[in-house]
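Colleague: Provided below: data34.cif, containing mmCIF, N, CA and C atoms and all ligand atoms.
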data_start
#
loop_
_atom_site.label_atom_id
_atom_site.label_comp_id
_atom_site.auth_asym_id
_atom_site.auth_seq_id
_atom_site.Cartn_x
_atom_site.Cartn_y
_atom_site.Cartn_z
N MET Q 249 77.11 6.52 111.27
CA MET Q 249 76.10 7.32 110.56
C MET Q 249 75.62 8.47 111.45
N GLU Q 250 75.33 9.55 110.80
CA GLU Q 250 74.86 10.70 111.58
C GLU Q 250 73.45 10.47 112.11
N LYS Q 251 73.20 11.00 113.27
CA LYS Q 251 71.88 10.82 113.86
C LYS Q 251 70.87 11.74 113.18
N LYS Q 252 69.64 11.27 113.07
CA LYS Q 252 68.56 12.10 112.55
C LYS Q 252 68.15 13.08 113.63
N PRO Q 253 67.59 14.25 113.24
CA PRO Q 253 67.12 15.22 114.24
C PRO Q 253 66.20 14.60 115.29
N SER Q 254 65.30 13.70 114.84
CA SER Q 254 64.37 13.10 115.82
C SER Q 254 65.13 12.22 116.82
N GLU Q 255 66.22 11.59 116.36
CA GLU Q 255 67.02 10.75 117.28
C GLU Q 255 67.79 11.62 118.27
N ILE Q 256 68.27 12.74 117.77
CA ILE Q 256 68.97 13.68 118.66
C ILE Q 256 68.01 14.19 119.72
N ARG Q 257 66.81 14.51 119.27
CA ARG Q 257 65.77 14.98 120.19
C ARG Q 257 65.52 13.94 121.30
N THR Q 258 65.35 12.68 120.89
CA THR Q 258 65.10 11.62 121.86
C THR Q 258 66.27 11.48 122.84
N THR Q 259 67.49 11.55 122.31
CA THR Q 259 68.68 11.43 123.17
C THR Q 259 68.74 12.56 124.20
N ILE Q 260 68.55 13.79 123.72
CA ILE Q 260 68.66 14.94 124.62
C ILE Q 260 67.51 14.93 125.65
N LEU Q 261 66.32 14.60 125.19
CA LEU Q 261 65.19 14.55 126.13
C LEU Q 261 65.40 13.45 127.18
N GLY Q 262 66.04 12.35 126.77
CA GLY Q 262 66.36 11.29 127.73
C GLY Q 262 67.33 11.80 128.79
N GLU Q 263 68.31 12.59 128.36
CA GLU Q 263 69.26 13.15 129.32
C GLU Q 263 68.56 14.15 130.25
N HIS Q 264 67.63 14.93 129.69
CA HIS Q 264 66.87 15.85 130.54
C HIS Q 264 66.08 15.06 131.60
N GLY Q 265 65.53 13.92 131.17
CA GLY Q 265 64.78 13.09 132.12
C GLY Q 265 65.68 12.62 133.26
N ALA Q 266 66.90 12.20 132.92
CA ALA Q 266 67.85 11.74 133.95
C ALA Q 266 68.23 12.91 134.86
N LEU Q 267 68.43 14.09 134.26
CA LEU Q 267 68.78 15.27 135.07
C LEU Q 267 67.63 15.63 136.01
N ARG Q 268 66.40 15.51 135.53
CA ARG Q 268 65.24 15.82 136.38
C ARG Q 268 65.16 14.86 137.57
N ARG Q 269 65.52 13.61 137.35
CA ARG Q 269 65.53 12.66 138.47
C ARG Q 269 66.60 13.07 139.49
N ARG Q 270 67.73 13.55 138.98
CA ARG Q 270 68.78 14.05 139.90
C ARG Q 270 68.28 15.28 140.66
N LEU Q 271 67.59 16.19 139.94
CA LEU Q 271 67.06 17.38 140.61
C LEU Q 271 66.12 16.98 141.73
N ALA Q 272 65.28 15.99 141.46
CA ALA Q 272 64.32 15.54 142.48
C ALA Q 272 65.07 14.98 143.69
N GLY Q 273 66.17 14.27 143.45
CA GLY Q 273 66.96 13.73 144.55
C GLY Q 273 67.57 14.83 145.40
N VAL Q 274 68.11 15.86 144.72
CA VAL Q 274 68.72 16.99 145.44
C VAL Q 274 67.64 17.71 146.26
N GLU Q 275 66.47 17.89 145.65
CA GLU Q 275 65.38 18.57 146.36
C GLU Q 275 64.92 17.78 147.58
N ALA Q 276 64.91 16.46 147.45
CA ALA Q 276 64.51 15.62 148.59
C ALA Q 276 65.49 15.81 149.75
N ARG Q 277 66.79 15.94 149.44
CA ARG Q 277 67.79 16.15 150.51
C ARG Q 277 67.61 17.53 151.13
N LEU Q 278 67.33 18.52 150.30
CA LEU Q 278 67.11 19.87 150.85
C LEU Q 278 65.91 19.84 151.80
N ALA Q 279 64.87 19.11 151.41
CA ALA Q 279 63.67 19.03 152.25
C ALA Q 279 64.01 18.32 153.57
N SER Q 280 64.80 17.24 153.50
CA SER Q 280 65.18 16.52 154.73
C SER Q 280 65.96 17.45 155.66
N LEU Q 281 66.86 18.25 155.08
CA LEU Q 281 67.65 19.18 155.90
C LEU Q 281 66.74 20.19 156.59
N ARG Q 282 65.78 20.71 155.83
CA ARG Q 282 64.84 21.69 156.42
C ARG Q 282 64.08 21.07 157.57
N GLN Q 283 63.83 19.76 157.47
CA GLN Q 283 63.09 19.08 158.55
C GLN Q 283 64.01 18.64 159.68
N GLY Q 284 65.27 19.07 159.61
CA GLY Q 284 66.16 18.83 160.73
C GLY Q 284 66.99 17.55 160.64
N ASP Q 285 66.93 16.86 159.52
CA ASP Q 285 67.74 15.65 159.35
C ASP Q 285 69.14 16.04 158.90
N SER Q 286 70.04 16.25 159.87
CA SER Q 286 71.36 16.76 159.52
C SER Q 286 72.21 15.71 158.79
N GLY Q 287 71.79 14.46 158.88
CA GLY Q 287 72.49 13.40 158.14
C GLY Q 287 72.38 13.57 156.64
N ALA Q 288 71.38 14.35 156.20
CA ALA Q 288 71.18 14.54 154.76
C ALA Q 288 72.22 15.48 154.16
N ARG Q 289 72.99 16.15 155.02
CA ARG Q 289 73.96 17.13 154.51
C ARG Q 289 75.01 16.50 153.60
N ARG Q 290 75.56 15.39 154.06
CA ARG Q 290 76.58 14.71 153.27
C ARG Q 290 76.00 14.20 151.95
N GLU Q 291 74.77 13.67 152.05
CA GLU Q 291 74.12 13.14 150.84
C GLU Q 291 73.79 14.26 149.86
N LEU Q 292 73.40 15.41 150.41
CA LEU Q 292 73.09 16.54 149.53
C LEU Q 292 74.32 16.90 148.71
N ARG Q 293 75.44 16.97 149.39
CA ARG Q 293 76.67 17.35 148.69
C ARG Q 293 77.01 16.33 147.60
N ALA Q 294 76.92 15.05 147.95
CA ALA Q 294 77.24 13.99 146.98
C ALA Q 294 76.29 14.06 145.79
N GLU Q 295 75.02 14.28 146.07
CA GLU Q 295 74.04 14.29 144.97
C GLU Q 295 74.18 15.56 144.13
N PHE Q 296 74.48 16.65 144.78
CA PHE Q 296 74.65 17.89 144.02
C PHE Q 296 75.90 17.81 143.15
N ASP Q 297 76.98 17.25 143.68
CA ASP Q 297 78.19 17.08 142.87
C ASP Q 297 77.91 16.18 141.66
N ALA Q 298 77.15 15.12 141.90
CA ALA Q 298 76.82 14.20 140.81
C ALA Q 298 75.95 14.91 139.76
N LEU Q 299 75.00 15.73 140.24
CA LEU Q 299 74.16 16.49 139.32
C LEU Q 299 75.01 17.42 138.45
N CYS Q 300 75.93 18.13 139.08
CA CYS Q 300 76.76 19.07 138.34
C CYS Q 300 77.62 18.35 137.29
N ALA Q 301 78.20 17.21 137.68
CA ALA Q 301 79.04 16.45 136.74
C ALA Q 301 78.20 15.97 135.56
N GLU Q 302 77.00 15.49 135.85
CA GLU Q 302 76.15 14.99 134.78
C GLU Q 302 75.69 16.14 133.88
N PHE Q 303 75.43 17.28 134.50
CA PHE Q 303 74.96 18.43 133.72
C PHE Q 303 76.07 18.96 132.80
N VAL Q 304 77.28 19.03 133.31
CA VAL Q 304 78.40 19.51 132.49
C VAL Q 304 78.61 18.57 131.28
N ALA Q 305 78.50 17.27 131.52
CA ALA Q 305 78.61 16.30 130.42
C ALA Q 305 77.46 16.49 129.43
N HIS Q 306 76.28 16.80 129.96
CA HIS Q 306 75.10 16.98 129.11
C HIS Q 306 75.26 18.18 128.18
N ILE Q 307 75.72 19.30 128.71
CA ILE Q 307 75.82 20.47 127.82
C ILE Q 307 76.94 20.27 126.79
N ALA Q 308 77.98 19.56 127.15
CA ALA Q 308 79.03 19.26 126.17
C ALA Q 308 78.44 18.36 125.06
N HIS Q 309 77.59 17.43 125.46
CA HIS Q 309 76.96 16.53 124.50
C HIS Q 309 76.02 17.32 123.57
N GLU Q 310 75.27 18.27 124.16
CA GLU Q 310 74.40 19.11 123.33
C GLU Q 310 75.21 19.89 122.30
N GLU Q 311 76.36 20.38 122.74
CA GLU Q 311 77.19 21.14 121.81
C GLU Q 311 77.72 20.24 120.70
N ALA Q 312 77.96 18.98 121.04
CA ALA Q 312 78.50 18.05 120.05
C ALA Q 312 77.43 17.58 119.06
N ILE Q 313 76.22 17.28 119.54
CA ILE Q 313 75.25 16.67 118.62
C ILE Q 313 74.09 17.59 118.23
N LEU Q 314 73.69 18.51 119.13
CA LEU Q 314 72.52 19.35 118.83
C LEU Q 314 72.93 20.62 118.07
N ARG Q 315 74.02 21.20 118.50
CA ARG Q 315 74.47 22.46 117.93
C ARG Q 315 74.61 22.40 116.39
N PRO Q 316 75.28 21.37 115.84
CA PRO Q 316 75.45 21.32 114.39
C PRO Q 316 74.12 21.22 113.64
N VAL Q 317 73.15 20.54 114.25
CA VAL Q 317 71.85 20.37 113.59
C VAL Q 317 71.05 21.67 113.63
N LEU Q 318 71.13 22.37 114.76
CA LEU Q 318 70.40 23.64 114.87
C LEU Q 318 70.92 24.66 113.86
N ALA Q 319 72.20 24.53 113.53
CA ALA Q 319 72.84 25.54 112.68
C ALA Q 319 72.09 25.76 111.38
N ASP Q 320 71.59 24.69 110.78
CA ASP Q 320 70.93 24.93 109.48
C ASP Q 320 69.52 24.34 109.41
N ILE Q 321 68.88 24.24 110.57
CA ILE Q 321 67.54 23.66 110.53
C ILE Q 321 66.51 24.68 110.04
N ASP Q 322 66.71 25.94 110.34
CA ASP Q 322 65.83 26.99 109.81
C ASP Q 322 66.52 28.34 109.94
N ASN Q 323 65.82 29.40 109.61
CA ASN Q 323 66.43 30.73 109.63
C ASN Q 323 66.82 31.18 111.03
N TRP Q 324 66.23 30.55 112.03
CA TRP Q 324 66.50 30.95 113.41
C TRP Q 324 67.65 30.18 114.03
N GLY Q 325 68.25 29.28 113.24
CA GLY Q 325 69.35 28.48 113.77
C GLY Q 325 70.44 29.29 114.44
N PRO Q 326 70.97 30.32 113.76
CA PRO Q 326 72.05 31.09 114.37
C PRO Q 326 71.64 31.76 115.68
N VAL Q 327 70.38 32.19 115.76
CA VAL Q 327 69.90 32.82 117.00
C VAL Q 327 69.84 31.77 118.11
N ARG Q 328 69.31 30.59 117.76
CA ARG Q 328 69.21 29.53 118.76
C ARG Q 328 70.60 29.14 119.26
N ILE Q 329 71.55 29.07 118.34
CA ILE Q 329 72.92 28.69 118.73
C ILE Q 329 73.54 29.75 119.63
N GLU Q 330 73.31 31.01 119.27
CA GLU Q 330 73.86 32.09 120.09
C GLU Q 330 73.31 32.01 121.52
N LEU Q 331 72.00 31.78 121.62
CA LEU Q 331 71.37 31.68 122.94
C LEU Q 331 71.91 30.47 123.71
N MET Q 332 72.05 29.37 123.01
CA MET Q 332 72.56 28.16 123.67
C MET Q 332 73.99 28.37 124.18
N ASP Q 333 74.82 28.96 123.33
CA ASP Q 333 76.22 29.18 123.73
C ASP Q 333 76.30 30.10 124.95
N ALA Q 334 75.50 31.17 124.93
CA ALA Q 334 75.52 32.12 126.05
C ALA Q 334 75.03 31.44 127.33
N GLU Q 335 73.97 30.66 127.17
CA GLU Q 335 73.38 29.94 128.31
C GLU Q 335 74.40 28.95 128.90
N HIS Q 336 75.02 28.19 128.04
CA HIS Q 336 75.98 27.19 128.52
C HIS Q 336 77.19 27.85 129.17
N ALA Q 337 77.65 28.96 128.61
CA ALA Q 337 78.80 29.67 129.21
C ALA Q 337 78.42 30.15 130.61
N ALA Q 338 77.22 30.72 130.74
CA ALA Q 338 76.77 31.21 132.04
C ALA Q 338 76.62 30.04 133.03
N GLN Q 339 76.12 28.91 132.55
CA GLN Q 339 75.91 27.76 133.44
C GLN Q 339 77.25 27.19 133.91
N ARG Q 340 78.24 27.17 133.02
CA ARG Q 340 79.56 26.67 133.44
C ARG Q 340 80.17 27.59 134.49
N GLN Q 341 80.02 28.91 134.28
CA GLN Q 341 80.52 29.89 135.26
C GLN Q 341 79.86 29.66 136.62
N ARG Q 342 78.56 29.44 136.54
CA ARG Q 342 77.79 29.29 137.77
C ARG Q 342 78.20 28.04 138.54
N ILE Q 343 78.45 26.96 137.82
CA ILE Q 343 78.88 25.72 138.48
C ILE Q 343 80.24 25.93 139.14
N LEU Q 344 81.12 26.67 138.46
CA LEU Q 344 82.42 26.98 139.07
C LEU Q 344 82.23 27.78 140.36
N ALA Q 345 81.30 28.74 140.32
CA ALA Q 345 81.05 29.56 141.51
C ALA Q 345 80.45 28.71 142.63
N LEU Q 346 79.53 27.82 142.27
CA LEU Q 346 78.90 26.96 143.29
C LEU Q 346 79.93 26.03 143.92
N ALA Q 347 80.92 25.62 143.12
CA ALA Q 347 81.95 24.72 143.65
C ALA Q 347 82.79 25.41 144.72
N GLN Q 348 82.77 26.75 144.72
CA GLN Q 348 83.52 27.50 145.74
C GLN Q 348 82.76 27.56 147.08
N LEU Q 349 81.45 27.32 147.03
CA LEU Q 349 80.66 27.39 148.27
C LEU Q 349 81.01 26.20 149.17
N SER Q 350 81.08 26.47 150.45
CA SER Q 350 81.39 25.39 151.39
C SER Q 350 80.16 25.05 152.23
N PRO Q 351 79.66 23.82 152.09
CA PRO Q 351 78.51 23.42 152.90
C PRO Q 351 78.87 23.37 154.39
N ASP Q 352 80.15 23.25 154.71
CA ASP Q 352 80.55 23.22 156.13
C ASP Q 352 80.65 24.63 156.70
N ALA Q 353 81.29 25.54 155.94
CA ALA Q 353 81.49 26.90 156.45
C ALA Q 353 80.20 27.71 156.42
N ASP Q 354 79.39 27.50 155.37
CA ASP Q 354 78.18 28.31 155.22
C ASP Q 354 77.04 27.44 154.68
N PRO Q 355 76.48 26.59 155.56
CA PRO Q 355 75.44 25.68 155.08
C PRO Q 355 74.23 26.39 154.49
N ALA Q 356 73.82 27.51 155.10
CA ALA Q 356 72.63 28.20 154.59
C ALA Q 356 72.90 28.76 153.19
N GLY Q 357 74.07 29.35 153.01
CA GLY Q 357 74.43 29.91 151.70
C GLY Q 357 74.54 28.81 150.65
N TYR Q 358 75.10 27.68 151.07
CA TYR Q 358 75.23 26.55 150.16
C TYR Q 358 73.85 26.06 149.72
N ASP Q 359 72.98 25.85 150.71
CA ASP Q 359 71.64 25.34 150.38
C ASP Q 359 70.88 26.30 149.47
N GLN Q 360 71.06 27.59 149.74
CA GLN Q 360 70.39 28.61 148.93
C GLN Q 360 70.92 28.58 147.48
N GLY Q 361 72.23 28.45 147.34
CA GLY Q 361 72.84 28.38 146.01
C GLY Q 361 72.36 27.15 145.26
N VAL Q 362 72.29 26.02 145.96
CA VAL Q 362 71.83 24.76 145.34
C VAL Q 362 70.37 24.90 144.91
N ARG Q 363 69.57 25.44 145.83
CA ARG Q 363 68.13 25.63 145.56
C ARG Q 363 67.91 26.47 144.30
N ALA Q 364 68.62 27.60 144.23
CA ALA Q 364 68.46 28.51 143.09
C ALA Q 364 68.91 27.84 141.80
N PHE Q 365 70.00 27.09 141.88
CA PHE Q 365 70.49 26.40 140.67
C PHE Q 365 69.49 25.35 140.20
N VAL Q 366 68.93 24.61 141.13
CA VAL Q 366 67.94 23.58 140.79
C VAL Q 366 66.73 24.21 140.09
N ASP Q 367 66.23 25.30 140.66
CA ASP Q 367 65.07 25.97 140.06
C ASP Q 367 65.38 26.47 138.66
N ASP Q 368 66.55 27.10 138.51
CA ASP Q 368 66.91 27.67 137.21
C ASP Q 368 67.17 26.58 136.17
N LEU Q 369 67.79 25.50 136.63
CA LEU Q 369 68.08 24.42 135.69
C LEU Q 369 66.79 23.81 135.14
N ARG Q 370 65.81 23.64 136.03
CA ARG Q 370 64.53 23.10 135.58
C ARG Q 370 63.88 24.05 134.56
N ALA Q 371 63.89 25.34 134.86
CA ALA Q 371 63.30 26.32 133.94
C ALA Q 371 64.07 26.37 132.61
N ASP Q 372 65.40 26.26 132.69
CA ASP Q 372 66.21 26.28 131.46
C ASP Q 372 65.91 25.08 130.57
N MET Q 373 65.73 23.93 131.18
CA MET Q 373 65.44 22.73 130.38
C MET Q 373 64.07 22.88 129.71
N GLU Q 374 63.12 23.45 130.44
CA GLU Q 374 61.79 23.65 129.85
C GLU Q 374 61.87 24.60 128.66
N ALA Q 375 62.62 25.70 128.82
CA ALA Q 375 62.76 26.68 127.73
C ALA Q 375 63.46 26.04 126.53
N GLU Q 376 64.49 25.26 126.81
CA GLU Q 376 65.24 24.61 125.73
C GLU Q 376 64.34 23.62 124.98
N GLU Q 377 63.50 22.92 125.73
CA GLU Q 377 62.61 21.95 125.09
C GLU Q 377 61.61 22.66 124.18
N ARG Q 378 61.17 23.86 124.60
CA ARG Q 378 60.25 24.64 123.76
C ARG Q 378 60.96 25.20 122.53
N GLU Q 379 62.15 25.77 122.75
CA GLU Q 379 62.78 26.57 121.69
C GLU Q 379 63.69 25.79 120.76
N CYS Q 380 64.32 24.74 121.27
CA CYS Q 380 65.30 24.02 120.45
C CYS Q 380 64.95 22.56 120.22
N LEU Q 381 64.09 21.99 121.04
CA LEU Q 381 63.90 20.53 120.98
C LEU Q 381 62.48 20.13 120.60
N SER Q 382 61.66 21.08 120.21
CA SER Q 382 60.29 20.70 119.86
C SER Q 382 60.32 19.94 118.53
N PRO Q 383 59.33 19.06 118.32
CA PRO Q 383 59.31 18.30 117.06
C PRO Q 383 59.21 19.21 115.84
N ASP Q 384 58.68 20.42 116.03
CA ASP Q 384 58.60 21.36 114.91
C ASP Q 384 59.98 21.88 114.51
N VAL Q 385 60.85 21.97 115.49
CA VAL Q 385 62.21 22.47 115.21
C VAL Q 385 63.09 21.34 114.70
N LEU Q 386 63.12 20.25 115.45
CA LEU Q 386 63.98 19.11 115.08
C LEU Q 386 63.18 18.14 114.22
N ARG Q 387 63.02 18.50 112.96
CA ARG Q 387 62.27 17.63 112.06
C ARG Q 387 63.22 16.89 111.13
N ASP Q 388 62.76 15.73 110.70
CA ASP Q 388 63.64 14.88 109.91
C ASP Q 388 63.63 15.20 108.42
N ASP Q 389 62.58 15.92 107.94
CA ASP Q 389 62.60 16.22 106.51
C ASP Q 389 63.70 17.25 106.24
N THR Q 390 64.30 17.12 105.09
CA THR Q 390 65.52 17.87 104.83
C THR Q 390 65.26 19.30 104.37
N THR Q 391 64.03 19.59 103.91
CA THR Q 391 63.76 20.94 103.47
C THR Q 391 63.85 21.89 104.65
N SER Q 392 64.58 22.95 104.46
CA SER Q 392 64.70 23.92 105.53
C SER Q 392 63.46 24.79 105.55
N ILE Q 393 62.78 24.77 106.69
CA ILE Q 393 61.51 25.50 106.78
C ILE Q 393 61.62 26.56 107.85
N ASP Q 394 61.15 27.74 107.56
CA ASP Q 394 61.14 28.78 108.58
C ASP Q 394 59.89 28.60 109.43
N ALA Q 395 60.06 28.00 110.59
CA ALA Q 395 58.93 27.68 111.44
C ALA Q 395 58.22 28.92 111.96
N PHE Q 396 58.88 30.05 111.93
CA PHE Q 396 58.28 31.24 112.51
C PHE Q 396 57.39 31.99 111.51
N SER Q 397 57.82 32.04 110.25
CA SER Q 397 57.02 32.79 109.29
C SER Q 397 56.09 31.87 108.52
N GLY Q 398 56.17 30.59 108.77
CA GLY Q 398 55.17 29.73 108.18
C GLY Q 398 55.78 28.66 107.32
FE FE Q 401 69.78 20.59 127.81
#
Is it possible to express this structure as structure tokens?

Modeller:
Amino acid sequence: MEKKPSEIRTTILGEHGALRRRLAGVEARLASLRQGDSGARRELRAEFDALCAEFVAHIAHEEAILRPVLADIDNWGPVRIELMDAEHAAQRQRILALAQLSPDADPAGYDQGVRAFVDDLRADMEAEERECLSPDVLRDDTTSIDAFSG
């Protein structure tokens, strides 16, 4: 059976929660490195790789379950989908670029890239929760309502 919009919302928000826990783990390693704990370098890489893998799976899942629902939820569906697709394409590109960074050859550049990605990912999830995942957008009643004009 197809999931209801509210169930999709719960699923996606649950994944965001898991991603935020991963972000916190990556940030903790970055902080340890700044404090001179060089042993955190290996852990940072492992945690960042795990974050990226989980994130790539997450956006594929959003495309599979959220995208079809956004398409006809209201008049802004096509705009929301366009933004989501552009965002996900940019994020996939960025992960590919980050995968080229070497924590051994350029630790400072690597840490900076990880830091920037973590900050942007957190901001992107917040924006997505406002624009695509709010209870006003993902509602279970079948009548299509234009949430913007009333
Ligand atoms: Fe998301």

Colleague: Residues contacting ligand FE 401 (chain Q) - anything with an atom at most 8 Å away, using only N, CA and C atoms and all ligand atoms - can you give me those as a PDB file with N, CA and C atoms, keeping the file's coordinate frame?

Modeller:
ATOM      1  N   ILE Q 260      68.550  13.790 123.720  1.00  0.00           N
ATOM      2  CA  ILE Q 260      68.660  14.940 124.620  1.00  0.00           C
ATOM      3  C   ILE Q 260      67.510  14.930 125.650  1.00  0.00           C
ATOM      4  N   LEU Q 261      66.320  14.600 125.190  1.00  0.00           N
ATOM      5  CA  LEU Q 261      65.190  14.550 126.130  1.00  0.00           C
ATOM      6  C   LEU Q 261      65.400  13.450 127.180  1.00  0.00           C
ATOM      7  N   GLU Q 263      68.310  12.590 128.360  1.00  0.00           N
ATOM      8  CA  GLU Q 263      69.260  13.150 129.320  1.00  0.00           C
ATOM      9  C   GLU Q 263      68.560  14.150 130.250  1.00  0.00           C
ATOM     10  N   HIS Q 264      67.630  14.930 129.690  1.00  0.00           N
ATOM     11  CA  HIS Q 264      66.870  15.850 130.540  1.00  0.00           C
ATOM     12  C   HIS Q 264      66.080  15.060 131.600  1.00  0.00           C
ATOM     13  N   HIS Q 306      76.280  16.800 129.960  1.00  0.00           N
ATOM     14  CA  HIS Q 306      75.100  16.980 129.110  1.00  0.00           C
ATOM     15  C   HIS Q 306      75.260  18.180 128.180  1.00  0.00           C
ATOM     16  N   ILE Q 307      75.720  19.300 128.710  1.00  0.00           N
ATOM     17  CA  ILE Q 307      75.820  20.470 127.820  1.00  0.00           C
ATOM     18  C   ILE Q 307      76.940  20.270 126.790  1.00  0.00           C
ATOM     19  N   GLU Q 310      75.270  18.270 124.160  1.00  0.00           N
ATOM     20  CA  GLU Q 310      74.400  19.110 123.330  1.00  0.00           C
ATOM     21  C   GLU Q 310      75.210  19.890 122.300  1.00  0.00           C
ATOM     22  N   ASP Q 372      65.400  26.260 132.690  1.00  0.00           N
ATOM     23  CA  ASP Q 372      66.210  26.280 131.460  1.00  0.00           C
ATOM     24  C   ASP Q 372      65.910  25.080 130.570  1.00  0.00           C
ATOM     25  N   MET Q 373      65.730  23.930 131.180  1.00  0.00           N
ATOM     26  CA  MET Q 373      65.440  22.730 130.380  1.00  0.00           C
ATOM     27  C   MET Q 373      64.070  22.880 129.710  1.00  0.00           C
ATOM     28  N   GLU Q 374      63.120  23.450 130.440  1.00  0.00           N
ATOM     29  CA  GLU Q 374      61.790  23.650 129.850  1.00  0.00           C
ATOM     30  C   GLU Q 374      61.870  24.600 128.660  1.00  0.00           C
ATOM     31  N   GLU Q 376      64.490  25.260 126.810  1.00  0.00           N
ATOM     32  CA  GLU Q 376      65.240  24.610 125.730  1.00  0.00           C
ATOM     33  C   GLU Q 376      64.340  23.620 124.980  1.00  0.00           C
ATOM     34  N   GLU Q 377      63.500  22.920 125.730  1.00  0.00           N
ATOM     35  CA  GLU Q 377      62.610  21.950 125.090  1.00  0.00           C
ATOM     36  C   GLU Q 377      61.610  22.660 124.180  1.00  0.00           C
TER      37      GLU Q 377
END

Colleague: For a cut-off of 6 Å around (66.6, 12.1, 111.8), file coordinates, pick out all residues using only C-alpha atoms and list them as JSON, numbers by chain.

Modeller: {"Q": [251, 252, 253, 254, 255, 388]}

Colleague: Could you save the residues just selected, with N, CA and C atoms, as a PDB file, keeping the file's coordinate frame?

Modeller:
ATOM      1  N   LYS Q 251      73.200  11.000 113.270  1.00  0.00           N
ATOM      2  CA  LYS Q 251      71.880  10.820 113.860  1.00  0.00           C
ATOM      3  C   LYS Q 251      70.870  11.740 113.180  1.00  0.00           C
ATOM      4  N   LYS Q 252      69.640  11.270 113.070  1.00  0.00           N
ATOM      5  CA  LYS Q 252      68.560  12.100 112.550  1.00  0.00           C
ATOM      6  C   LYS Q 252      68.150  13.080 113.630  1.00  0.00           C
ATOM      7  N   PRO Q 253      67.590  14.250 113.240  1.00  0.00           N
ATOM      8  CA  PRO Q 253      67.120  15.220 114.240  1.00  0.00           C
ATOM      9  C   PRO Q 253      66.200  14.600 115.290  1.00  0.00           C
ATOM     10  N   SER Q 254      65.300  13.700 114.840  1.00  0.00           N
ATOM     11  CA  SER Q 254      64.370  13.100 115.820  1.00  0.00           C
ATOM     12  C   SER Q 254      65.130  12.220 116.820  1.00  0.00           C
ATOM     13  N   GLU Q 255      66.220  11.590 116.360  1.00  0.00           N
ATOM     14  CA  GLU Q 255      67.020  10.750 117.280  1.00  0.00           C
ATOM     15  C   GLU Q 255      67.790  11.620 118.270  1.00  0.00           C
ATOM     16  N   ASP Q 388      62.760  15.730 110.700  1.00  0.00           N
ATOM     17  CA  ASP Q 388      63.640  14.880 109.910  1.00  0.00           C
ATOM     18  C   ASP Q 388      63.630  15.200 108.420  1.00  0.00           C
TER      19      ASP Q 388
END

Colleague: When distances are computed from only C-alpha atoms, which of Q:Leu278, Q:Cys380, Q:Leu349, Q:Ala308 shows the smallest separation from Ile329 of chain Q?

Modeller: Q:Cys380

Colleague: Which residue, Q:Phe296, Q:Gly287, Q:Ile256, Q:Leu344, has the smallest gap to Gly273 of chain Q when you use only C-alpha atoms?

Modeller: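 Looking at the shortest contact to Gly273 of chain Q, the residue is Q:Phe296.
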
Colleague: Could you tell me how far atom C of Leu331 of chain Q sits from atom N of Ala312 of chain Q, in Å to one decimal place?

Modeller: 13.3 Å

Colleague: Just checking: using all atoms listed in the file, which residue out of Q:Ser382, Q:Asp389, Q:Val327, Q:Val274 ends up closest to Val362 of chain Q?

Modeller: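 Closest to Val362 of chain Q of all the choices is Q:Val274.
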
Colleague: Using only C-alpha atoms, which of the listed residues (Q:Ala334, Q:Val385, Q:Gly361, Q:Glu250) sits closest to Asp322 of chain Q?

Modeller: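 Closest candidate: Q:Val385.
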
Colleague: Find the distance between atom CA of Gly284 of chain Q and atom CA of Arg268 of chain Q and write it in Å to one decimal.

Modeller: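 Computing it gives 24.6 Å between the two atoms.
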
Colleague: Using the chain letters and numbers from this document, which residues of chain Q does DSSP assign to alpha helix (DSSP H), as a VMD selection string?

Modeller: chain Q and resid 253 to 282 288 to 309 315 to 319 325 to 348 355 to 379

Colleague: Please list as a ChimeraX atom specification every residue within 12 Å of Glu330 of chain Q, counting only C-alpha atoms and excluding residues in the same chain fewer than 3 positions away.

Modeller: /Q:311,315,318-319,324-327,333-337,380
